[in-house]
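S.K.: So that you have it, the file is my_file27.csv, and it contains CSV, C-alpha atoms:
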```
chain,number,residue,atom,x,y,z
A,388,MET,CA,-6.2,4.0,14.6
A,389,GLY,CA,-3.5,3.9,11.9
A,390,GLU,CA,-1.4,1.1,13.3
A,391,ALA,CA,-2.0,-1.4,10.5
A,392,VAL,CA,-0.6,-1.9,7.0
A,393,LEU,CA,-2.6,-3.3,4.0
A,394,ILE,CA,-0.5,-5.2,1.5
A,395,VAL,CA,-2.1,-5.6,-1.9
A,396,GLU,CA,0.0,-8.0,-4.0
A,397,ASP,CA,-1.0,-10.8,-6.4
A,398,ASP,CA,2.1,-12.9,-5.8
A,399,GLN,CA,1.4,-14.9,-2.6
A,400,ASP,CA,5.0,-15.5,-1.8
A,401,ILE,CA,5.8,-11.7,-2.0
A,402,ARG,CA,2.6,-10.9,-0.1
A,403,ASP,CA,3.4,-13.3,2.7
A,404,TRP,CA,7.1,-12.3,2.9
A,405,LEU,CA,6.2,-8.6,3.2
A,406,ALA,CA,3.6,-9.3,5.8
A,407,LEU,CA,6.1,-11.3,7.9
A,408,LEU,CA,8.6,-8.4,7.6
A,409,PHE,CA,6.1,-5.8,8.7
A,410,ARG,CA,4.8,-7.9,11.6
A,411,GLY,CA,8.3,-8.8,12.8
A,412,ALA,CA,10.2,-5.6,12.3
A,413,CYS,CA,7.6,-3.1,13.5
A,414,GLY,CA,5.0,-5.0,15.3
A,415,VAL,CA,2.2,-3.5,13.3
A,416,GLN,CA,-1.0,-5.4,12.4
A,417,VAL,CA,-1.0,-6.5,8.7
A,418,PHE,CA,-3.9,-7.1,6.4
A,419,THR,CA,-3.4,-8.7,3.0
A,420,ALA,CA,-5.3,-8.8,-0.3
A,421,CYS,CA,-4.5,-10.7,-3.5
A,422,HIS,CA,-6.0,-8.1,-5.9
A,423,ALA,CA,-7.2,-4.5,-5.9
A,424,LYS,CA,-10.9,-5.3,-5.6
A,425,GLU,CA,-10.2,-7.4,-2.4
A,426,GLY,CA,-7.9,-4.6,-1.2
A,427,ILE,CA,-10.7,-2.0,-1.4
A,428,GLU,CA,-13.0,-4.3,0.6
A,429,VAL,CA,-10.4,-5.0,3.3
A,430,PHE,CA,-9.5,-1.3,3.5
A,431,ARG,CA,-13.1,-0.2,4.0
A,432,ALA,CA,-13.7,-2.9,6.6
A,433,ASN,CA,-10.7,-2.0,8.8
A,434,PRO,CA,-10.4,1.6,9.9
A,435,GLU,CA,-7.1,0.9,11.7
A,436,ILE,CA,-5.2,0.7,8.4
A,437,GLY,CA,-2.8,3.6,8.2
A,438,ALA,CA,-0.8,2.5,5.1
A,439,ILE,CA,-1.3,0.7,1.9
A,440,LEU,CA,1.5,-1.0,0.0
A,441,CYS,CA,0.1,-1.8,-3.4
A,442,ASP,CA,1.5,-3.6,-6.5
A,443,ASN,CA,0.8,-1.7,-9.7
A,444,LYS,CA,0.0,-4.6,-12.0
A,445,MET,CA,-2.0,-7.4,-10.6
A,446,GLY,CA,-4.0,-10.4,-11.8
A,447,GLY,CA,-7.5,-10.7,-10.6
A,448,PRO,CA,-10.8,-9.0,-11.6
A,449,GLY,CA,-9.4,-6.3,-13.9
A,450,LEU,CA,-8.2,-3.8,-11.3
A,451,ASP,CA,-4.6,-2.6,-10.8
A,452,GLY,CA,-3.0,-0.3,-8.3
A,453,ASP,CA,-4.2,2.9,-10.1
A,454,ASP,CA,-7.7,1.6,-10.0
A,455,LEU,CA,-7.5,0.9,-6.3
A,456,HIS,CA,-6.1,4.4,-5.7
A,457,ARG,CA,-8.8,6.1,-7.8
A,458,GLU,CA,-11.5,4.2,-5.9
A,459,LEU,CA,-10.2,5.1,-2.5
A,460,ALA,CA,-8.7,8.6,-3.2
A,461,GLU,CA,-11.0,10.6,-1.1
A,462,GLU,CA,-10.9,8.1,1.8
A,463,LEU,CA,-7.1,8.0,1.6
A,464,ARG,CA,-7.0,11.8,1.9
A,465,VAL,CA,-9.5,12.1,4.7
A,466,ARG,CA,-8.0,9.3,6.8
A,467,ARG,CA,-4.4,10.5,6.0
A,468,ILE,CA,-3.3,7.1,4.6
A,469,HIS,CA,0.3,6.6,3.4
A,470,PHE,CA,0.0,5.0,0.0
A,471,VAL,CA,3.0,3.2,-1.5
A,472,LEU,CA,2.8,2.0,-5.1
A,473,VAL,CA,5.2,-0.8,-6.0
A,474,HIS,CA,5.9,-1.4,-9.7
A,475,GLY,CA,8.1,-3.6,-11.7
A,476,GLY,CA,9.8,-1.1,-13.9
A,477,SER,CA,6.9,-1.0,-16.4
A,478,ARG,CA,5.8,2.4,-17.4
A,479,LEU,CA,4.1,4.2,-14.5
A,480,PRO,CA,0.4,4.9,-15.3
A,481,SER,CA,-0.1,8.6,-16.1
A,482,TYR,CA,-2.6,8.7,-13.3
A,483,PHE,CA,0.2,8.5,-10.7
A,484,GLN,CA,2.0,11.5,-12.3
A,485,GLN,CA,-1.0,13.6,-11.2
A,486,VAL,CA,-1.3,12.4,-7.6
A,487,GLN,CA,1.1,12.3,-4.7
A,488,VAL,CA,2.0,8.8,-3.8
A,489,ALA,CA,5.3,7.1,-2.8
A,490,VAL,CA,6.6,5.0,-5.6
A,491,GLU,CA,9.0,2.0,-5.2
A,492,GLU,CA,10.4,0.0,-8.0
A,493,LYS,CA,10.9,-3.8,-7.9
A,494,PRO,CA,13.2,-5.2,-6.7
A,495,LEU,CA,12.6,-3.3,-3.5
A,496,ARG,CA,15.6,-1.6,-1.9
A,497,ASP,CA,17.0,-2.7,1.5
A,498,LEU,CA,13.8,-4.3,2.9
A,499,ASP,CA,14.4,-3.5,6.6
A,500,GLU,CA,14.9,0.2,5.7
A,501,PHE,CA,11.9,0.1,3.4
A,502,VAL,CA,9.6,-1.4,6.1
A,503,GLU,CA,10.8,1.1,8.7
A,504,ASP,CA,10.3,4.0,6.3
A,505,VAL,CA,6.7,3.0,5.5
A,506,VAL,CA,5.8,2.6,9.1
A,507,LYS,CA,7.5,5.9,10.1
A,508,ARG,CA,5.7,7.8,7.4
A,509,MET,CA,2.4,6.2,8.4
A,510,ARG,CA,2.9,7.2,12.0
A,511,GLU,CA,3.8,10.8,11.0
A,512,LEU,CA,0.7,11.2,9.0
A,513,GLN,CA,-1.5,9.7,11.8
A,514,ALA,CA,0.1,12.0,14.4
A,515,ALA,CA,-0.7,15.0,12.2
A,516,THR,CA,-4.4,14.4,12.5
```
Please render this file's structure as structure tokens.
M.R.:
Amino acid sequence: MGEAVLIVEDDQDIRDWLALLFRGACGVQVFTACHAKEGIEVFRANPEIGAILCDNKMGGPGLDGDDLHRELAEELRVRRIHFVLVHGGSRLPSYFQQVQVAVEEKPLRDLDEFVEDVVKRMRELQAAT
């Protein structure tokens, strides 16, 4: 349990690139979703997910990163899921000022370091259960 990452990103090129980095650098299983509604479904269907990397603003059926986090908040807490919100410099929703999540701005910093940090934190949280 906890050795998979869910990437929720509406840009297919970015989604595929991040998935490739996580698979290659850390050997973890990767699930992807192109919008928040699909991300919620994928998360609930795959108990091995230990981290979610979620874009803040997405196209799709009206749900963004804050909507995804609100919907899954209790499950994230109970399952000790590392949640990373990625946003493009737009104003961070006030919701995220009230909850504890990791926030990364686009463009992402050194990607190898970023991927390693996400997996490390995911494993630390899972080990604490």
S.K.: I'd like the contact shell of His422 in chain A - 7 Å cut-off, only C-alpha atoms, skipping same-chain residues fewer than 2 positions apart - returned as a PyMOL selection string.
M.R.: chain A and resi 395-397+420+424-426+445-447
S.K.: Give the answer as one residue: which of A:Leu459, A:Val506, A:Ala515, A:Glu435 has the shortest atom-to-atom distance to Arg410 in chain A, using all atoms listed in the file?
M.R.: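 Of A:Leu459, A:Val506, A:Ala515, A:Glu435, the one nearest Arg410 in chain A is A:Val506, counting all atoms listed in the file.
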S.K.: Between CA of His469 in chain A and CA of Asp398 in chain A, what is the distance, to one decimal in Å?
M.R.: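 The value is 21.6 Å.
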S.K.: Have a look at CA of Asp400 in chain A and CA of Leu512 in chain A and let me know their distance in Å, one decimal.
M.R.: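 Between CA of Asp400 in chain A and CA of Leu512 in chain A the gap is 29.1 Å.
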S.K.: Just how far from CA of Cys421 in chain A is CA of Arg464 in chain A, in Å to one decimal?
M.R.: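 CA of Cys421 in chain A lies at a distance of 23.3 Å from CA of Arg464 in chain A.
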S.K.: Got a sec: who's within 9 Å of Leu405 in chain A, counting all atoms listed in the file, leaving out chain neighbours fewer than 6 positions off, as a list in words?
M.R.: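 Once the nearby chain positions are removed, what remains is Ile394, Leu498 and Val502 of chain A.
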S.K.: Generate the output file for the selected residues, C-alpha atoms, as a tab-separated table (two decimals), in the frame of the given file.
M.R.:
```tsv
chain	number	residue	atom	x	y	z
A	394	ILE	CA	-0.50	-5.20	1.50
A	498	LEU	CA	13.80	-4.30	2.90
A	502	VAL	CA	9.60	-1.40	6.10
```
S.K.: Excluding same-chain residues fewer than 6 positions from Cys441 in chain A, what lies within 9 Å of it counting all atoms listed in the file, as a ChimeraX atom specification?
M.R.: /A:393-396,423,426,451-452,455,470-474
S.K.: Which of these residues is nearest to Phe409 in chain A, using all atoms listed in the file: A:Val465, A:Ile439, A:Ala432, A:Leu450?
M.R.: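 Among the listed residues, A:Ile439 lies closest to Phe409 in chain A.
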S.K.: Here is a test: counting only C-alpha atoms, which residue of A:Thr419, A:Asn443, A:Gln513, A:Asn433 is nearest to Asp403 in chain A?
M.R.: A:Thr419
S.K.: Which is closer to Val505 in chain A than all the others in A:Ile436, A:Ala406, A:Ile401, A:Val392, using all atoms listed in the file?
M.R.: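 Smallest distance to Val505 in chain A is found for A:Val392.
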S.K.: Pick out the closest residue to Phe430 in chain A from this set: A:Leu407, A:Ala514, A:Met509, A:Val417. Count only C-alpha atoms.
M.R.: A:Val417
S.K.: Taking all atoms listed in the file into account, name the residue in A:Gly437, A:Glu390, A:Arg467, A:Arg431 that is nearest to Gly414 in chain A.
M.R.: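 Among the listed residues, A:Glu390 lies closest to Gly414 in chain A.
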